[in-house]
Amino acid sequence: MDLILLAEQILNGLQFGIMLFLMAAGLTLIFGVMGLINLAHGSLYMIGAFCAAAVAGWTGSFTLGLIAALAGAAAAGALIELVVIRRLYDKDHLDQVLATFALILIASEGTRWVFGSFPLFLDIPEALSGPVMLPGGIQYPLYRLALIGAGLGVAAGLFLLIARTRIGIQIRAGENDREMIAALGVDIDRLYTFVFALGAALAGLAGALVGAIQSVQVGMGEPVLILAFVVIVIGGIGSIKGALVGALLVGLTDTLGKIALPGLFGLFLDPAQATQVGSALASMAIYVLMAMVLIWRPTGLYGVRA
Amino acid sequence: MTLIKTLMAGTAMAMALAGAAAAEVKVGMITTLSGGGAGLGIDVRDGFMLAVEMSGRDDLEVVIEDDQRKPDIAVQLADKMVQSEKVDVLTGIIWSNLAMAVVPSVTAQGKFYLSPNAGPSALAGRGCHENYFNVAWQNDSLHEGGGAYANEAGYTNSFILAPNYPAGQDALTGYKRTYEGDLAGEIYTKLGQTDYAAEIAQIRASGADSVYFFLPGGMGISFLKQYADSGVDIPVIGPAFSFDQGILQAVGDAALGVRNTSQWSKDLDNAANVAFVAAFQEKYDRLPSLYASQGYDTANLLISAMEMADVSDPDAFRAALKAANFDSTRGEFTFGPNNHPIHTIYVREVIKEGDVLTNKIVGPALVAHSDVYSVDCKM
């Protein structure tokens, strides 16, 4: 494998990891602050992508599409929190799983009802389309570079929000002791709605950004949701830093595993068999990673709670 | 005297009953109407129901159920249709793994099964059955057409990729069966994968002169969009599933000019197809896909058999189905010894008609093509 291919694959892994981070950040915030397992997070990703595709198709502007994705997913998140999730905080995790699974079904069929069963079209904006030449002779799609940049920007913004603002202090306090901050006069209901809508908006943003290079269709969120759960388990539940590190680890492991493993088996198996065995193992690589991290640190890399 | 009268009346009543049962054919359609693969099932259903409506027959009843793309649900629905709905004919399944779960058991119970889409190799070879008719294609067929086209176009170094599941393996096997050149690389991707950056980087580094891929549905949309944006300009060939009318608009201009193989195209010039395309657009206000054409052909095959024989006489009805005495939208259509189609596989090219992306026929890739599994079929 030559160096250019390797460098390109590392960029691919970074880009994949950064998009996973946008999903995982919301999931881990919601789990950490509210103690809620939200299976419907993938539906918010889908709602973001559909809002972006619909608005971009209607106005012709990708930027307006992104704004619509943020607004639409945040609104859907706030609505879900007010109507359904609010009743689940003091229930056990099984009830939450059941209720949010129902939300997946409702969101999927609702989306199909509004937009139909056929995938929607969302294209990369003109200014960001096509490849660019990076130093070292690496040809790489500009849009994917922009995704890495946008994701890092959002990550920086989130760190500032959590570490430097009043609402960030409340969120961190809520993670530690929710009765106490309620007793100190923080409107906990409003805080929860805000955190849920924030997580939803991040998922919607990820859906819209990724929707432009993938297909915008019903059910697009669930595969990403599973990976996002792997990320927050690796990173430690409730930790934004853990989500970032976990997402990058998962992104790089998945991408590089797909390249390296079939090549490795090619050394002693015939090519057709090597690709089959190698790709089967490559799709397991992130779960092996998760298992190893959990053996080493049962609460995840940056987790504090068991 | 009274005894004879009663007997005669009884016979008449029995005949009337038999007559009523004979006049009515009940069809059970199990297809995918919800979830990610719903577009395909909806097209098959709409094509089928269009043919039923155009025939004007009121002795054909269709029960439609959604399998949600899940084998266990498909099996439950099949049991329900055979046991409580008492259907005569089953049809509708889109996915090969669901077909494998349902078809052998319903044909063993003496029901007819007409496949409007899935054609797994196991049911074409040793697992074939006299009551199982495939109206679409054997799974390998379009890929064999792809290999034949690659030879004709002068490609000698193909990079091939497909998802790692039975139909994906059938696909690459089919391509390699007819393709004569070398392979620059062969990749099995994860089923349902949406990001192909890693594979595209390998294609870029491989030095291939052509790429053949089988990625149905959303997977193909993602791959093509990312491929177009990557700056790799190696020509792409694929089967019609990734260039089908239902998803072309979502792929966008990235698909323009791509050659793909299909047994059907909306511009095939025969009377049955012209009538089908016009009627489909009229009724559903969209262009038909190849899945819709397959649903339509399936219903017309059934109707042609109903005109020749009675479903209560299975041997006659089977012979009537086997005769394939209907006007297929793909032109020439006959059944091979394993009840799979012998038909022409065409090469199509994606073009733009006004704002709408669609396909036009370039020429035949394989004429009067049948599958290789029929030699293993003992009926």
# chains A, B, ... in the order shown; residues from 1 in each chain; ligands from 1

$ select_by_dssp --residues "region 197-350 of chain B" --states "strand (DSSP E)" --output "NGL selection string"
:B and (210-213 or 236-239 or 259-262 or 334-335 or 341-350)

$ interface_residues --of "chain B" --to "chain A" --cutoff "8 Å" --atoms "only C-alpha atoms" --output "VMD selection string"
chain B and resid 34 to 36 38 to 39 164 186 to 190 194 to 195 197 to 198 201 to 202 205 218 to 219 221 to 223 225 to 226 228 to 231 246 to 247 249 to 252

$ residues_around --residues "region 286-292 of chain B" --least-positions-apart "2" --cutoff "9 Å" --atoms "only C-alpha atoms" --output "compact mmCIF listing (two decimals) with all heavy atoms, in the first residue's frame"
# COMPACT_ATOMS: atom_id res chain seq x y z
N LEU B 40 -39.22 -0.45 -4.05
CA LEU B 40 -39.24 -1.57 -4.99
C LEU B 40 -40.57 -2.30 -4.92
O LEU B 40 -41.18 -2.62 -5.94
CB LEU B 40 -38.09 -2.54 -4.66
CG LEU B 40 -36.67 -2.10 -4.98
CD1 LEU B 40 -36.22 -0.98 -4.08
CD2 LEU B 40 -35.70 -3.26 -4.85
N GLY B 41 -41.02 -2.57 -3.69
CA GLY B 41 -42.27 -3.29 -3.51
C GLY B 41 -43.45 -2.50 -4.03
O GLY B 41 -44.37 -3.06 -4.63
N ILE B 42 -43.42 -1.21 -3.79
CA ILE B 42 -44.52 -0.36 -4.26
C ILE B 42 -44.59 -0.38 -5.78
O ILE B 42 -45.67 -0.47 -6.37
CB ILE B 42 -44.34 1.08 -3.71
CG1 ILE B 42 -44.64 1.07 -2.20
CG2 ILE B 42 -45.22 2.07 -4.44
CD1 ILE B 42 -44.28 2.35 -1.49
N ASP B 43 -43.43 -0.36 -6.45
CA ASP B 43 -43.43 -0.41 -7.90
C ASP B 43 -43.95 -1.74 -8.43
O ASP B 43 -44.73 -1.78 -9.39
CB ASP B 43 -42.02 -0.15 -8.44
CG ASP B 43 -41.78 1.33 -8.71
OD1 ASP B 43 -42.69 2.12 -8.43
OD2 ASP B 43 -40.69 1.68 -9.19
N VAL B 44 -43.54 -2.85 -7.80
CA VAL B 44 -44.03 -4.16 -8.22
C VAL B 44 -45.55 -4.21 -8.04
O VAL B 44 -46.29 -4.63 -8.93
CB VAL B 44 -43.34 -5.29 -7.43
CG1 VAL B 44 -44.12 -6.58 -7.53
CG2 VAL B 44 -41.92 -5.49 -7.94
N ARG B 45 -46.01 -3.76 -6.88
CA ARG B 45 -47.45 -3.78 -6.61
C ARG B 45 -48.21 -2.93 -7.63
O ARG B 45 -49.20 -3.36 -8.21
CB ARG B 45 -47.72 -3.24 -5.19
CG ARG B 45 -49.20 -3.17 -4.85
CD ARG B 45 -49.45 -2.29 -3.64
NE ARG B 45 -49.14 -0.90 -3.94
CZ ARG B 45 -49.07 0.06 -3.02
NH1 ARG B 45 -49.24 -0.23 -1.75
NH2 ARG B 45 -48.81 1.30 -3.37
N ASP B 46 -47.72 -1.71 -7.88
CA ASP B 46 -48.43 -0.81 -8.78
C ASP B 46 -48.46 -1.37 -10.21
O ASP B 46 -49.48 -1.28 -10.90
CB ASP B 46 -47.79 0.58 -8.76
CG ASP B 46 -48.07 1.31 -7.46
OD1 ASP B 46 -48.86 0.78 -6.65
OD2 ASP B 46 -47.51 2.40 -7.25
N GLY B 47 -47.34 -1.97 -10.64
CA GLY B 47 -47.31 -2.58 -11.98
C GLY B 47 -48.29 -3.73 -12.07
O GLY B 47 -49.04 -3.86 -13.04
N PHE B 48 -48.31 -4.57 -11.04
CA PHE B 48 -49.20 -5.73 -11.01
C PHE B 48 -50.66 -5.29 -11.05
O PHE B 48 -51.45 -5.77 -11.86
CB PHE B 48 -48.91 -6.54 -9.73
CG PHE B 48 -49.54 -7.90 -9.70
CD1 PHE B 48 -48.81 -9.02 -10.06
CD2 PHE B 48 -50.86 -8.08 -9.29
CE1 PHE B 48 -49.38 -10.30 -10.02
CE2 PHE B 48 -51.44 -9.33 -9.25
CZ PHE B 48 -50.69 -10.44 -9.62
N PRO B 116 -41.80 -11.90 -9.06
CA PRO B 116 -41.68 -10.66 -9.84
C PRO B 116 -40.31 -10.01 -9.67
O PRO B 116 -40.06 -8.96 -10.23
CB PRO B 116 -42.76 -9.78 -9.23
CG PRO B 116 -42.75 -10.18 -7.80
CD PRO B 116 -42.37 -11.64 -7.74
N ASN B 117 -39.41 -10.57 -8.85
CA ASN B 117 -38.10 -9.93 -8.67
C ASN B 117 -36.99 -10.91 -8.30
O ASN B 117 -36.08 -11.10 -9.09
CB ASN B 117 -38.19 -8.80 -7.64
CG ASN B 117 -37.03 -7.86 -7.73
OD1 ASN B 117 -36.83 -7.23 -8.76
ND2 ASN B 117 -36.22 -7.78 -6.70
N ALA B 136 -38.97 -12.49 -13.57
CA ALA B 136 -38.02 -11.37 -13.65
C ALA B 136 -36.72 -11.82 -14.31
O ALA B 136 -36.49 -11.56 -15.49
CB ALA B 136 -37.75 -10.85 -12.24
N ALA B 240 -29.04 -2.66 -13.77
CA ALA B 240 -30.07 -1.63 -13.77
C ALA B 240 -30.52 -1.22 -12.37
O ALA B 240 -31.05 -0.13 -12.19
CB ALA B 240 -31.28 -2.12 -14.55
N PHE B 241 -30.26 -2.06 -11.36
CA PHE B 241 -30.80 -1.78 -10.02
C PHE B 241 -30.31 -0.45 -9.46
O PHE B 241 -30.99 0.18 -8.66
CB PHE B 241 -30.43 -2.90 -9.05
CG PHE B 241 -30.68 -4.26 -9.62
CD1 PHE B 241 -29.65 -5.15 -9.80
CD2 PHE B 241 -31.96 -4.62 -10.00
CE1 PHE B 241 -29.88 -6.40 -10.35
CE2 PHE B 241 -32.19 -5.86 -10.54
CZ PHE B 241 -31.16 -6.75 -10.72
N ASP B 244 -32.14 2.69 -11.70
CA ASP B 244 -33.53 2.45 -11.92
C ASP B 244 -34.30 3.77 -11.75
O ASP B 244 -33.81 4.68 -11.08
CB ASP B 244 -33.91 1.39 -10.89
CG ASP B 244 -35.33 1.49 -10.52
OD1 ASP B 244 -36.13 1.38 -11.43
OD2 ASP B 244 -35.63 1.70 -9.33
N GLN B 245 -35.47 3.86 -12.36
CA GLN B 245 -36.20 5.12 -12.36
C GLN B 245 -36.47 5.65 -10.95
O GLN B 245 -36.46 6.85 -10.73
CB GLN B 245 -37.53 4.93 -13.11
CG GLN B 245 -38.09 6.21 -13.68
CD GLN B 245 -37.15 6.84 -14.69
OE1 GLN B 245 -36.68 6.20 -15.60
NE2 GLN B 245 -36.86 8.12 -14.50
N GLY B 246 -36.68 4.75 -10.00
CA GLY B 246 -37.01 5.18 -8.64
C GLY B 246 -35.88 5.92 -7.95
O GLY B 246 -36.13 6.75 -7.08
N SER B 262 -29.94 -4.25 -18.36
CA SER B 262 -31.30 -4.49 -17.91
C SER B 262 -32.03 -5.36 -18.92
O SER B 262 -31.68 -5.38 -20.10
CB SER B 262 -32.04 -3.16 -17.77
OG SER B 262 -33.39 -3.38 -17.41
N GLN B 263 -33.05 -6.09 -18.44
CA GLN B 263 -33.87 -6.87 -19.38
C GLN B 263 -35.00 -6.00 -19.92
O GLN B 263 -35.73 -6.41 -20.80
CB GLN B 263 -34.42 -8.13 -18.69
CG GLN B 263 -35.70 -7.97 -17.90
CD GLN B 263 -35.52 -7.21 -16.58
OE1 GLN B 263 -34.46 -6.70 -16.27
NE2 GLN B 263 -36.58 -7.11 -15.80
N TRP B 264 -35.14 -4.80 -19.40
CA TRP B 264 -36.25 -3.94 -19.78
C TRP B 264 -35.77 -2.50 -19.82
O TRP B 264 -34.84 -2.11 -19.10
CB TRP B 264 -37.38 -4.07 -18.74
CG TRP B 264 -38.52 -3.14 -18.98
CD1 TRP B 264 -39.59 -3.35 -19.80
CD2 TRP B 264 -38.71 -1.84 -18.41
NE1 TRP B 264 -40.42 -2.26 -19.78
CE2 TRP B 264 -39.90 -1.32 -18.93
CE3 TRP B 264 -37.98 -1.05 -17.52
CZ2 TRP B 264 -40.40 -0.07 -18.58
CZ3 TRP B 264 -38.46 0.20 -17.18
CH2 TRP B 264 -39.67 0.68 -17.72
N SER B 265 -36.42 -1.69 -20.67
CA SER B 265 -36.19 -0.25 -20.63
C SER B 265 -37.46 0.41 -21.11
O SER B 265 -38.22 -0.18 -21.89
CB SER B 265 -35.02 0.13 -21.53
OG SER B 265 -34.81 1.52 -21.46
N LYS B 266 -37.70 1.63 -20.66
CA LYS B 266 -39.00 2.23 -20.99
C LYS B 266 -39.11 2.56 -22.47
O LYS B 266 -40.20 2.71 -23.00
CB LYS B 266 -39.27 3.44 -20.10
CG LYS B 266 -38.79 4.77 -20.62
CD LYS B 266 -39.23 5.85 -19.67
CE LYS B 266 -39.21 7.23 -20.32
NZ LYS B 266 -38.02 7.54 -21.09
N PHE B 276 -47.92 -0.13 -21.78
CA PHE B 276 -47.63 -0.17 -20.33
C PHE B 276 -47.10 1.17 -19.84
O PHE B 276 -47.58 1.71 -18.84
CB PHE B 276 -46.62 -1.29 -20.06
CG PHE B 276 -45.89 -1.16 -18.74
CD1 PHE B 276 -46.58 -1.26 -17.54
CD2 PHE B 276 -44.52 -0.95 -18.70
CE1 PHE B 276 -45.92 -1.14 -16.32
CE2 PHE B 276 -43.85 -0.84 -17.49
CZ PHE B 276 -44.55 -0.92 -16.30
N VAL B 277 -46.10 1.72 -20.55
CA VAL B 277 -45.49 2.98 -20.10
C VAL B 277 -46.54 4.10 -20.06
O VAL B 277 -46.63 4.85 -19.08
CB VAL B 277 -44.29 3.35 -20.99
CG1 VAL B 277 -43.76 4.73 -20.62
CG2 VAL B 277 -43.18 2.32 -20.86
N ALA B 278 -47.36 4.16 -21.11
CA ALA B 278 -48.38 5.22 -21.16
C ALA B 278 -49.39 5.05 -20.03
O ALA B 278 -49.73 6.01 -19.32
CB ALA B 278 -49.08 5.20 -22.52
N PHE B 280 -49.09 3.42 -17.20
CA PHE B 280 -48.48 3.60 -15.87
C PHE B 280 -48.36 5.08 -15.53
O PHE B 280 -48.70 5.52 -14.44
CB PHE B 280 -47.12 2.91 -15.82
CG PHE B 280 -46.56 2.78 -14.43
CD1 PHE B 280 -46.79 1.64 -13.67
CD2 PHE B 280 -45.81 3.80 -13.86
CE1 PHE B 280 -46.29 1.51 -12.38
CE2 PHE B 280 -45.30 3.69 -12.56
CZ PHE B 280 -45.54 2.53 -11.83
N GLN B 281 -47.88 5.85 -16.52
CA GLN B 281 -47.74 7.29 -16.27
C GLN B 281 -49.08 7.95 -16.03
O GLN B 281 -49.22 8.80 -15.17
CB GLN B 281 -47.06 7.95 -17.48
CG GLN B 281 -45.56 7.94 -17.37
CD GLN B 281 -44.93 8.67 -18.53
OE1 GLN B 281 -44.90 8.15 -19.64
NE2 GLN B 281 -44.46 9.87 -18.29
N GLU B 282 -50.06 7.52 -16.83
CA GLU B 282 -51.41 8.05 -16.71
C GLU B 282 -51.97 7.80 -15.31
O GLU B 282 -52.53 8.69 -14.67
CB GLU B 282 -52.27 7.37 -17.78
CG GLU B 282 -53.75 7.46 -17.61
CD GLU B 282 -54.32 8.73 -18.24
OE1 GLU B 282 -53.58 9.42 -18.97
OE2 GLU B 282 -55.50 9.00 -17.99
N LYS B 283 -51.80 6.57 -14.81
CA LYS B 283 -52.44 6.21 -13.55
C LYS B 283 -51.66 6.71 -12.34
O LYS B 283 -52.25 7.16 -11.37
CB LYS B 283 -52.59 4.69 -13.47
CG LYS B 283 -53.26 4.20 -12.18
CD LYS B 283 -53.92 2.87 -12.38
CE LYS B 283 -54.33 2.20 -11.09
NZ LYS B 283 -55.30 2.87 -10.29
N TYR B 284 -50.31 6.63 -12.37
CA TYR B 284 -49.55 6.92 -11.15
C TYR B 284 -48.77 8.22 -11.24
O TYR B 284 -48.10 8.60 -10.28
CB TYR B 284 -48.60 5.77 -10.84
CG TYR B 284 -49.29 4.45 -10.64
CD1 TYR B 284 -49.18 3.42 -11.58
CD2 TYR B 284 -50.08 4.22 -9.51
CE1 TYR B 284 -49.82 2.21 -11.38
CE2 TYR B 284 -50.72 3.02 -9.31
CZ TYR B 284 -50.59 2.01 -10.26
OH TYR B 284 -51.23 0.81 -10.08
N GLN B 294 -41.75 -5.59 -14.16
CA GLN B 294 -41.77 -6.99 -13.73
C GLN B 294 -43.10 -7.35 -13.07
O GLN B 294 -43.64 -8.44 -13.29
CB GLN B 294 -40.60 -7.26 -12.78
CG GLN B 294 -39.26 -7.19 -13.49
CD GLN B 294 -38.07 -6.97 -12.58
OE1 GLN B 294 -36.99 -6.67 -13.05
NE2 GLN B 294 -38.24 -7.10 -11.27
N GLY B 295 -43.63 -6.43 -12.25
CA GLY B 295 -44.94 -6.67 -11.63
C GLY B 295 -46.01 -6.80 -12.69
O GLY B 295 -46.89 -7.67 -12.62
N TYR B 296 -45.93 -5.92 -13.69
CA TYR B 296 -46.91 -5.90 -14.78
C TYR B 296 -46.84 -7.20 -15.59
O TYR B 296 -47.86 -7.82 -15.88
CB TYR B 296 -46.60 -4.69 -15.65
CG TYR B 296 -47.54 -4.40 -16.79
CD1 TYR B 296 -48.72 -3.69 -16.57
CD2 TYR B 296 -47.21 -4.79 -18.09
CE1 TYR B 296 -49.55 -3.39 -17.63
CE2 TYR B 296 -48.05 -4.49 -19.15
CZ TYR B 296 -49.22 -3.79 -18.92
OH TYR B 296 -50.05 -3.49 -19.97
N ASP B 297 -45.62 -7.64 -15.91
CA ASP B 297 -45.45 -8.90 -16.64
C ASP B 297 -45.98 -10.08 -15.83
O ASP B 297 -46.62 -10.99 -16.38
CB ASP B 297 -43.96 -9.14 -16.96
CG ASP B 297 -43.51 -8.42 -18.23
OD1 ASP B 297 -44.36 -7.75 -18.85
OD2 ASP B 297 -42.32 -8.53 -18.59
N THR B 358 -33.34 9.50 -17.11
CA THR B 358 -33.95 8.22 -17.45
C THR B 358 -32.96 7.44 -18.31
O THR B 358 -31.82 7.87 -18.50
CB THR B 358 -35.31 8.43 -18.15
OG1 THR B 358 -35.91 7.16 -18.34
CG2 THR B 358 -35.15 9.13 -19.48

$ atom_distance --atom1 "CA of Arg86 (chain A)" --atom2 "CA of Ala40 (chain A)"
14.2 Å

$ residues_around --residues "Phe333 (chain B)" --least-positions-apart "2" --cutoff "8 Å" --atoms "only C-alpha atoms" --output "list in words"
Ala324, Ser328, Arg330, Gly331, Phe335, Pro341, Ile342 and His343 of chain B

$ write_last_selection --atoms "N, CA, C and O atoms" --output "PDB file, in the first residue's frame"
ATOM      1  N   ALA B 324     -46.251 -19.302 -21.310  1.00  0.00           N
ATOM      2  CA  ALA B 324     -45.934 -17.869 -21.298  1.00  0.00           C
ATOM      3  C   ALA B 324     -46.569 -17.150 -22.477  1.00  0.00           C
ATOM      4  O   ALA B 324     -45.912 -16.399 -23.196  1.00  0.00           O
ATOM      5  N   SER B 328     -45.061  -9.720 -23.266  1.00  0.00           N
ATOM      6  CA  SER B 328     -44.193  -9.145 -22.236  1.00  0.00           C
ATOM      7  C   SER B 328     -43.742  -7.755 -22.650  1.00  0.00           C
ATOM      8  O   SER B 328     -43.529  -7.478 -23.828  1.00  0.00           O
ATOM      9  N   ARG B 330     -40.923  -6.728 -22.225  1.00  0.00           N
ATOM     10  CA  ARG B 330     -39.537  -6.788 -22.705  1.00  0.00           C
ATOM     11  C   ARG B 330     -39.442  -7.434 -24.079  1.00  0.00           C
ATOM     12  O   ARG B 330     -38.350  -7.757 -24.523  1.00  0.00           O
ATOM     13  N   GLY B 331     -40.597  -7.682 -24.747  1.00  0.00           N
ATOM     14  CA  GLY B 331     -40.562  -8.303 -26.071  1.00  0.00           C
ATOM     15  C   GLY B 331     -40.562  -9.817 -25.942  1.00  0.00           C
ATOM     16  O   GLY B 331     -41.386 -10.377 -25.243  1.00  0.00           O
ATOM     17  N   PHE B 335     -40.086 -19.396 -21.196  1.00  0.00           N
ATOM     18  CA  PHE B 335     -39.515 -20.005 -20.004  1.00  0.00           C
ATOM     19  C   PHE B 335     -38.541 -21.104 -20.407  1.00  0.00           C
ATOM     20  O   PHE B 335     -38.821 -21.899 -21.305  1.00  0.00           O
ATOM     21  N   PRO B 341     -36.774 -17.125 -17.045  1.00  0.00           N
ATOM     22  CA  PRO B 341     -36.924 -16.546 -18.376  1.00  0.00           C
ATOM     23  C   PRO B 341     -35.723 -16.767 -19.309  1.00  0.00           C
ATOM     24  O   PRO B 341     -34.578 -16.825 -18.848  1.00  0.00           O
ATOM     25  N   ILE B 342     -36.037 -16.905 -20.585  1.00  0.00           N
ATOM     26  CA  ILE B 342     -35.023 -16.785 -21.637  1.00  0.00           C
ATOM     27  C   ILE B 342     -35.354 -15.478 -22.333  1.00  0.00           C
ATOM     28  O   ILE B 342     -36.442 -15.332 -22.895  1.00  0.00           O
ATOM     29  N   HIS B 343     -34.478 -14.514 -22.225  1.00  0.00           N
ATOM     30  CA  HIS B 343     -34.786 -13.183 -22.735  1.00  0.00           C
ATOM     31  C   HIS B 343     -33.500 -12.445 -23.084  1.00  0.00           C
ATOM     32  O   HIS B 343     -32.405 -12.952 -22.844  1.00  0.00           O
TER      33      HIS B 343
END

$ atom_distance --atom1 "CA of Leu22 (chain A)" --atom2 "CA of Thr100 (chain A)"
19.7 Å

$ closest_residue --among "A:Met180, A:Asp187, A:Ala107, A:Thr63" --to "Glu126 (chain A)" --atoms "only C-alpha atoms"
A:Thr63

$ residues_around --residues "Val25 (chain B)" --least-positions-apart "5" --cutoff "7 Å" --atoms "only C-alpha atoms" --output "ChimeraX atom specification"
/B:59-61,88,311

$ residues_around --residues "region 345-354 of chain B" --least-positions-apart "2" --cutoff "10 Å" --atoms "only C-alpha atoms" --output "NGL selection string"
:B and (137 or 141-146 or 148-149 or 237-240 or 243-244 or 248 or 253-265 or 267-268 or 330 or 342-343 or 356-370)

$ select_by_dssp --residues "region 109-238 of chain A" --states "helix (DSSP H, G or I)" --output "PyMOL selection string"
chain A and resi 109-115+126-128+142-164+166-176+178-183+188-211+221-235

$ write_last_selection --atoms "C-alpha atoms" --output "tab-separated table (two decimals), in the first residue's frame"
chain	number	residue	atom	x	y	z
A	109	GLU	CA	-43.66	6.06	8.68
A	110	GLY	CA	-44.46	9.75	9.20
A	111	THR	CA	-41.56	10.72	6.95
A	112	ARG	CA	-42.69	8.25	4.33
A	113	TRP	CA	-46.19	9.66	4.56
A	114	VAL	CA	-44.95	13.20	3.91
A	115	PHE	CA	-42.10	12.57	1.42
A	126	GLU	CA	-21.32	24.01	-6.34
A	127	ALA	CA	-18.53	25.82	-4.49
A	128	LEU	CA	-17.51	22.70	-2.58
A	142	LEU	CA	-13.16	19.30	-1.15
A	143	TYR	CA	-16.55	18.61	0.41
A	144	ARG	CA	-15.10	15.94	2.70
A	145	LEU	CA	-12.40	18.39	3.82
A	146	ALA	CA	-15.15	20.91	4.51
A	147	LEU	CA	-16.96	18.28	6.60
A	148	ILE	CA	-13.84	17.75	8.72
A	149	GLY	CA	-13.55	21.53	9.18
A	150	ALA	CA	-17.22	22.01	10.03
A	151	GLY	CA	-17.16	19.11	12.48
A	152	LEU	CA	-14.08	20.41	14.27
A	153	GLY	CA	-15.73	23.86	14.44
A	154	VAL	CA	-18.83	22.40	16.05
A	155	ALA	CA	-16.68	20.40	18.47
A	156	ALA	CA	-14.81	23.55	19.52
A	157	GLY	CA	-18.11	25.40	19.95
A	158	LEU	CA	-19.49	22.60	22.13
A	159	PHE	CA	-16.41	22.60	24.37
A	160	LEU	CA	-16.73	26.35	24.85
A	161	LEU	CA	-20.44	26.02	25.55
A	162	ILE	CA	-19.90	23.32	28.17
A	163	ALA	CA	-16.77	24.78	29.76
A	164	ARG	CA	-17.30	28.55	29.60
A	166	ARG	CA	-23.61	29.59	32.38
A	167	ILE	CA	-25.75	27.02	30.61
A	168	GLY	CA	-22.68	24.79	30.37
A	169	ILE	CA	-22.23	24.94	34.12
A	170	GLN	CA	-25.86	23.98	34.56
A	171	ILE	CA	-25.46	21.06	32.19
A	172	ARG	CA	-22.40	19.80	34.04
A	173	ALA	CA	-24.15	20.28	37.37
A	174	GLY	CA	-27.19	18.42	36.05
A	175	GLU	CA	-24.98	15.50	35.15
A	176	ASN	CA	-23.69	15.28	38.70
A	178	ARG	CA	-30.05	16.79	39.28
A	179	GLU	CA	-32.00	17.18	42.57
A	180	MET	CA	-29.45	19.64	43.88
A	181	ILE	CA	-29.50	21.99	40.92
A	182	ALA	CA	-33.29	21.89	40.92
A	183	ALA	CA	-33.14	22.87	44.59
A	188	ILE	CA	-34.62	21.82	35.25
A	189	ASP	CA	-37.47	21.25	32.77
A	190	ARG	CA	-36.25	24.05	30.56
A	191	LEU	CA	-32.66	22.83	30.81
A	192	TYR	CA	-33.70	19.34	29.74
A	193	THR	CA	-35.69	20.62	26.77
A	194	PHE	CA	-32.70	22.74	25.75
A	195	VAL	CA	-30.22	19.87	25.99
A	196	PHE	CA	-32.52	17.55	24.07
A	197	ALA	CA	-33.08	20.14	21.32
A	198	LEU	CA	-29.32	20.81	21.17
A	199	GLY	CA	-28.57	17.10	20.75
A	200	ALA	CA	-31.31	16.85	18.13
A	201	ALA	CA	-29.92	19.83	16.21
A	202	LEU	CA	-26.44	18.26	16.14
A	203	ALA	CA	-27.91	15.00	14.82
A	204	GLY	CA	-29.92	16.92	12.22
A	205	LEU	CA	-26.81	18.82	11.14
A	206	ALA	CA	-24.90	15.55	10.73
A	207	GLY	CA	-27.79	14.11	8.71
A	208	ALA	CA	-27.86	17.10	6.36
A	209	LEU	CA	-24.08	17.22	5.88
A	210	VAL	CA	-23.82	13.50	5.24
A	211	GLY	CA	-27.05	13.42	3.21
A	221	GLY	CA	-30.43	6.95	10.75
A	222	GLU	CA	-30.46	3.54	12.38
A	223	PRO	CA	-27.08	2.22	11.15
A	224	VAL	CA	-25.44	5.47	12.31
A	225	LEU	CA	-27.23	5.22	15.64
A	226	ILE	CA	-25.63	1.85	16.37
A	227	LEU	CA	-22.18	3.26	15.63
A	228	ALA	CA	-22.92	6.29	17.80
A	229	PHE	CA	-23.74	3.99	20.71
A	230	VAL	CA	-20.44	2.19	20.17
A	231	VAL	CA	-18.71	5.58	20.23
A	232	ILE	CA	-20.22	6.72	23.52
A	233	VAL	CA	-19.53	3.37	25.17
A	234	ILE	CA	-15.88	3.61	24.11
A	235	GLY	CA	-15.58	7.26	25.06

$ residues_around --residues "Tyr89 (chain A)" --least-positions-apart "6" --cutoff "10 Å" --atoms "only C-alpha atoms" --output "PyMOL selection string"
chain A and resi 34-37+95-96

$ atom_distance --atom1 "CA of Asn151 (chain B)" --atom2 "CA of Ala118 (chain B)"
26.6 Å
